[in-house]
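Asker: Handing you this structure, nothing more for now.
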Amino acid sequence: MKSGHSKKAMLAVSSALSLASLTVAGLGGAPAAFAQSSAHARASAVRHTSGPAVRLQETGSTLLFPLFQLWVPAYKKVASNVFITPNGTGSGTGIQQAEDGVVQIGASDAYMSTGLLSQHPSMLNIPLAISAQQIMYNLPGLKASTHLHLTGSVIAQMFMGKIRYWNAPQIQNLNRGIKLPHAVIVPVHRTDSSGDTFLFSQFMTDTNAQWAQSVAYGTSVPWPAVAGAQGGNGNQGVVQTAQRTPYSIAYVGISWLDKALSHGLGEAALANRTGRFLLPTVATISAAAGQMIAKTPRDERISLIYAPGANSYPIINYEYAIVNENQSSAVVAQAIKNLLLWAINSKGGNSASFMTKVHFLPLPTSIAPLSRAQIERIHG
Amino acid sequence: MTRRRFGSKLFAVTTGIAAGGPLVVMLVLMGVLVRDAWPAWRFQGLSFFSGTVWNMGNMYANTPIVRAGVQGAPGASFGILPLVVGTLYSSLIALAVGVPIALLTAAALVYLAPKRVSMWLSPVIDLLAGIPSVVYGLWGVEVLAPFVQSRLGPWLSHVLRIAPFFHGPVGTGMGLLTSGLVLAVMIIPIVTATTRELLAQVPRLPYEGAQALGLTSYESVRYVAFPWVSSGVIGAVILGWGRALGETMAVLMVSGNAANYLPTNIYSPISTMASTVAALLDSALTDFTGLAVHALALIAVTLLAITMATNLLARSLVALGRRGLEAEGERR
């Protein structure tokens, strides 16, 4: 009798506590001590040449994550004393944890907002490469070689529930000759805070006035109520959800393109400003980049979405490393600098052997000096 | 003598502190949460509970808006009705499915199963209660959701086609029904273990008397054993309910994460309060006005209030049941 009672009391308390730890840990932010310990540099545990062992944590963008997974083992050969732990958790997490000092490098497809930056003036937004996003759909029976033609405005209406069926005239008119099914469209969005959501919602904002008014853009947006619409966690979650949901439509970061195609999803050709329908290729991404990069400011925070030009693919972006210029020690600061300088080097992390695997483009030669100048500001 | 007195005083103080700890933690927690949630309450008011749209506002705007003296990102507006509905519906499905199974299991363990079997089964059920929820979530994604999508959903939709909430497109298996079923599996061990303890305390005599009078074992359990501990069993059920209300990870994985709309049928994607707090926290922390975090804290306060209410209810009912039992014992 006693044991039953105390067990219940414990259950009650522990359920309250688990809830408590959930909220308090999040609300209070991470303690500074944790950041210290994860960044601490150990002396004399060196294998070859390059100084004391340093542990670096990277977290954030699931779009950038596949590239980091390729970089980490390669960088081991460059600096065997640097131990990097990458993690794909969503761009919002990357920004937030870099700010808090939980991680040294936050990865993000979205740059920090001006408001946020004014609160955290020591944060740097450093582009590492150029990426893109494609719109994908699950239309059973449609051949993979067929690419639906879609405009930003039509996609916005699909995600707002204004266009409910795949064979709606607005879609059919863009795709004459393709037999579209009378099936309900299932929009799939990101549940976590996501740079992909940022890019997608910026494209929607640029192409559909009603979206701009009601939804706008950000790493999380107020998704319009569409019955049946679903959310997925990370790019992997979106691809998985779209794959198992016939007649769904989703936005997916380009580093997940191969995986999504192999899972049977189709890839849309998107209308650019001149009305041409294009797929994201090296040619169309670099054409769009060529139109936009000259406007890059010194802090490198700029949207590259919906570039002008006949050959420009509409959804491209800089992939950012979000880094605090004040690091815990000179050793850690130097390790981060070396890593990032290697990452944007065309013979290092920006070489074709890495870029082509994730369909990224290397940082343009005119932009690399801007990134280098920002990297140089990191200090201990 | 004085040393002994000092020792017992020390003992009293230390145990007193230890015993008071949970209460202090609880109060501090509540205080911190309420303080954190307060700006969101001022900003949004009662429409927090009736609104259907969760909008953290345009965090990339340069100037915040001000309402009731509280800054927010332009467009910010917080309504959690879909989350409340998702939380309540999924937990009620969990109860509807899980409780009968748990009660039958408990009865079987106490009255029907051979001693050797129940000796082995009881610890196994206790173990089930300790499995991390992410494991249940994974099982939900990999096994249960496809099953609901391809088998259970279509079958239910066909069999119950006149019942409005059961008929309709089955969707992908990620949604209300799957969430409810995963939660059911998660609460069965808790409800079973608690009920088993209660049933084990039912005096043997009335039960045997019932059997001697010719009642079947079902009738003896149904009309003698369970009434004996009925309020305690209700307490056990509400304890399971509390678990289902607060479950985060497993639901996040199988709910379909519906945004800003109410479920139209039992297969609809949903979101719950707990899973939303977990999913949106990182975005909220990038809100330069800080209001989005306050709004999440207000969800947490709401959930904590609901969980505490169910827990208190459960414990008072269990206590009531026990008092009844003791009175019964004294009479004999």
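We label chains A, B, ... in the order they appear in the structure tokens, count residues from 1 in each chain, and number ligands from 1 in the order shown.
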Residues of chain B within 7 Å of chain A, counting only C-alpha atoms - could you list those as a ChimeraX atom specification?

Answerer: /B:29,53-55,58-60,62,172,197,243,256-261,268-269,279-283,285-286,288,300,311

Asker: Take the residues from that selection and put them in a file with N, CA, C and O atoms, as a compact mmCIF listing (two decimals), in the first residue's frame.

Answerer:
# COMPACT_ATOMS: atom_id res chain seq x y z
N LEU B 29 9.18 26.49 -10.04
CA LEU B 29 8.90 26.21 -11.44
C LEU B 29 7.68 26.98 -11.92
O LEU B 29 7.69 27.65 -12.95
N VAL B 53 -4.68 30.34 -34.98
CA VAL B 53 -3.46 30.59 -35.73
C VAL B 53 -2.31 30.94 -34.79
O VAL B 53 -2.43 31.81 -33.93
N TRP B 54 -1.23 30.23 -34.95
CA TRP B 54 0.00 30.50 -34.20
C TRP B 54 0.94 31.25 -35.14
O TRP B 54 1.44 30.69 -36.11
N ASN B 55 1.14 32.51 -34.86
CA ASN B 55 1.95 33.35 -35.75
C ASN B 55 2.97 34.11 -34.90
O ASN B 55 2.60 34.98 -34.12
N ASN B 58 6.62 38.53 -38.18
CA ASN B 58 7.74 38.65 -39.09
C ASN B 58 9.00 39.03 -38.32
O ASN B 58 9.22 40.19 -38.00
N MET B 59 9.84 38.02 -38.06
CA MET B 59 11.02 38.27 -37.25
C MET B 59 12.11 38.99 -38.02
O MET B 59 13.12 39.37 -37.44
N TYR B 60 11.92 39.15 -39.32
CA TYR B 60 12.93 39.85 -40.11
C TYR B 60 12.54 41.31 -40.33
O TYR B 60 13.22 42.04 -41.04
N ASN B 62 12.11 45.21 -39.12
CA ASN B 62 13.07 45.98 -38.34
C ASN B 62 12.48 46.61 -37.09
O ASN B 62 13.17 46.83 -36.11
N THR B 172 -2.07 9.66 -44.42
CA THR B 172 -0.78 8.98 -44.46
C THR B 172 -0.51 8.13 -43.23
O THR B 172 0.55 7.54 -43.10
N GLU B 197 -1.74 -3.25 -8.41
CA GLU B 197 -1.48 -3.03 -6.98
C GLU B 197 -2.79 -2.89 -6.20
O GLU B 197 -2.93 -3.43 -5.10
N ARG B 243 0.05 11.35 -18.24
CA ARG B 243 1.20 10.97 -19.06
C ARG B 243 0.93 11.27 -20.53
O ARG B 243 1.76 11.79 -21.25
N GLY B 256 2.00 14.13 -37.47
CA GLY B 256 1.81 14.81 -38.74
C GLY B 256 2.02 16.31 -38.63
O GLY B 256 2.06 17.01 -39.64
N ASN B 257 2.14 16.81 -37.41
CA ASN B 257 2.47 18.22 -37.17
C ASN B 257 1.60 19.19 -37.95
O ASN B 257 2.09 20.04 -38.69
N ALA B 258 0.32 19.05 -37.81
CA ALA B 258 -0.61 19.97 -38.47
C ALA B 258 -0.37 21.38 -37.96
O ALA B 258 -0.09 21.59 -36.79
N ALA B 259 -0.47 22.36 -38.86
CA ALA B 259 -0.27 23.74 -38.45
C ALA B 259 -1.57 24.51 -38.61
O ALA B 259 -2.13 24.59 -39.70
N ASN B 260 -2.05 25.05 -37.52
CA ASN B 260 -3.12 26.06 -37.55
C ASN B 260 -4.46 25.57 -38.09
O ASN B 260 -5.23 26.35 -38.62
N TYR B 261 -4.75 24.30 -38.01
CA TYR B 261 -6.11 23.88 -38.33
C TYR B 261 -6.56 22.75 -37.42
O TYR B 261 -5.74 22.01 -36.87
N SER B 268 -6.81 12.84 -39.29
CA SER B 268 -6.18 14.13 -39.59
C SER B 268 -4.86 14.29 -38.85
O SER B 268 -4.72 13.84 -37.72
N PRO B 269 -3.90 14.97 -39.50
CA PRO B 269 -2.71 15.38 -38.76
C PRO B 269 -3.10 16.33 -37.63
O PRO B 269 -4.08 17.08 -37.75
N ALA B 279 9.05 21.80 -30.77
CA ALA B 279 9.37 22.05 -32.18
C ALA B 279 9.68 23.52 -32.45
O ALA B 279 10.50 23.84 -33.30
N LEU B 280 9.01 24.42 -31.76
CA LEU B 280 9.11 25.83 -32.11
C LEU B 280 10.09 26.62 -31.25
O LEU B 280 10.33 27.81 -31.51
N LEU B 281 10.65 25.98 -30.24
CA LEU B 281 11.47 26.74 -29.31
C LEU B 281 12.64 27.44 -30.01
O LEU B 281 12.92 28.61 -29.76
N ASP B 282 13.32 26.73 -30.90
CA ASP B 282 14.50 27.32 -31.52
C ASP B 282 14.14 28.52 -32.38
O ASP B 282 14.84 29.53 -32.37
N SER B 283 13.05 28.42 -33.11
CA SER B 283 12.61 29.58 -33.87
C SER B 283 12.24 30.72 -32.95
O SER B 283 12.56 31.88 -33.20
N LEU B 285 13.35 31.43 -30.13
CA LEU B 285 14.52 32.08 -29.53
C LEU B 285 15.21 33.04 -30.49
O LEU B 285 16.03 33.84 -30.08
N THR B 286 14.88 32.97 -31.78
CA THR B 286 15.44 33.94 -32.72
C THR B 286 14.52 35.15 -32.89
O THR B 286 14.77 36.01 -33.72
N PHE B 288 13.57 38.60 -32.03
CA PHE B 288 14.35 39.64 -31.36
C PHE B 288 13.54 40.36 -30.29
O PHE B 288 14.09 41.00 -29.41
N ALA B 300 3.30 26.24 -21.97
CA ALA B 300 3.82 25.37 -20.91
C ALA B 300 3.00 25.53 -19.63
O ALA B 300 2.68 24.54 -18.96
N ASN B 311 -3.38 15.31 -12.16
CA ASN B 311 -2.63 14.57 -11.15
C ASN B 311 -3.24 14.72 -9.76
O ASN B 311 -3.35 13.74 -9.02

Asker: Find the residues near Gln44 (chain B): any atom within 9 Å, counting only C-alpha atoms, skip ones fewer than 2 places away on the same chain, and give them as a list in words.

Answerer: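 Neighbouring residues, sequence-local ones excluded: Pro39, Ala40, Trp41, Arg42, Leu46, Ser47, Phe48, Arg67, Ala68, Ser77, Phe78, Gly79 and Ala295 of chain B.
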
Asker: Give me every strand (DSSP E or B) residue in region 257-289 of chain A, going by DSSP on the backbone, as a count of residues only.

Answerer: 7

Asker: What's the 9 Å shell around Asp299 (chain A), counting only C-alpha atoms, without same-chain residues fewer than 4 positions away, as a list in words?

Answerer: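 My list of contacting residues is Leu124, Asn125, Ile126, Leu370, Ser371 and Gln374 of chain A.
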
Asker: Let's have the selection written as a tab-separated table (two decimals), in the first residue's frame, with N, CA and C atoms.

Answerer:
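Contents of selection_7.tsv, as written:
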chain	number	residue	atom	x	y	z
A	124	LEU	N	28.76	36.81	-36.50
A	124	LEU	CA	29.11	36.95	-37.91
A	124	LEU	C	28.27	36.00	-38.74
A	125	ASN	N	27.86	36.46	-39.93
A	125	ASN	CA	27.15	35.61	-40.88
A	125	ASN	C	28.09	35.40	-42.06
A	126	ILE	N	28.72	34.23	-42.11
A	126	ILE	CA	29.78	34.01	-43.08
A	126	ILE	C	29.34	33.01	-44.16
A	370	LEU	N	35.24	38.76	-49.04
A	370	LEU	CA	34.33	39.26	-47.99
A	370	LEU	C	34.24	38.25	-46.85
A	371	SER	N	34.06	36.99	-47.21
A	371	SER	CA	33.99	35.95	-46.18
A	371	SER	C	35.30	35.86	-45.42
A	374	GLN	N	35.60	38.53	-42.87
A	374	GLN	CA	34.81	38.25	-41.67
A	374	GLN	C	35.47	37.20	-40.80

Asker: Between CA of Thr302 (chain B) and CA of Gly234 (chain A), what is the distance, to one decimal in Å?

Answerer: 27.6 Å

Asker: Can you list, as a PyMOL selection string, every protein, DNA or RNA residue that comes within 7 Å of region 107-119 of chain B when you count only C-alpha atoms, leaving out same-chain residues fewer than 6 positions away?

Answerer: chain B and resi 196+199-200

Asker: Please determine, counting only C-alpha atoms, which residue among B:Gly130, B:Gly16, B:Gly137, B:Gly232 has the shortest atom-to-atom distance to Ser179 (chain B).

Answerer: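 With only C-alpha atoms as the atom set, the closest residue is B:Gly137.
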
Asker: Calculated over only C-alpha atoms, which of the candidates A:Pro369, A:Pro297, A:Gly177, A:Gly253 has the smallest distance to Thr146 (chain A)?

Answerer: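 The answer is A:Gly177, which sits nearest to Thr146 (chain A).
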
Asker: Mind pulling up the distance from CA of Ile190 (chain B) to CA of Gly246 (chain B)?

Answerer: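 A separation of 14.2 Å between them.
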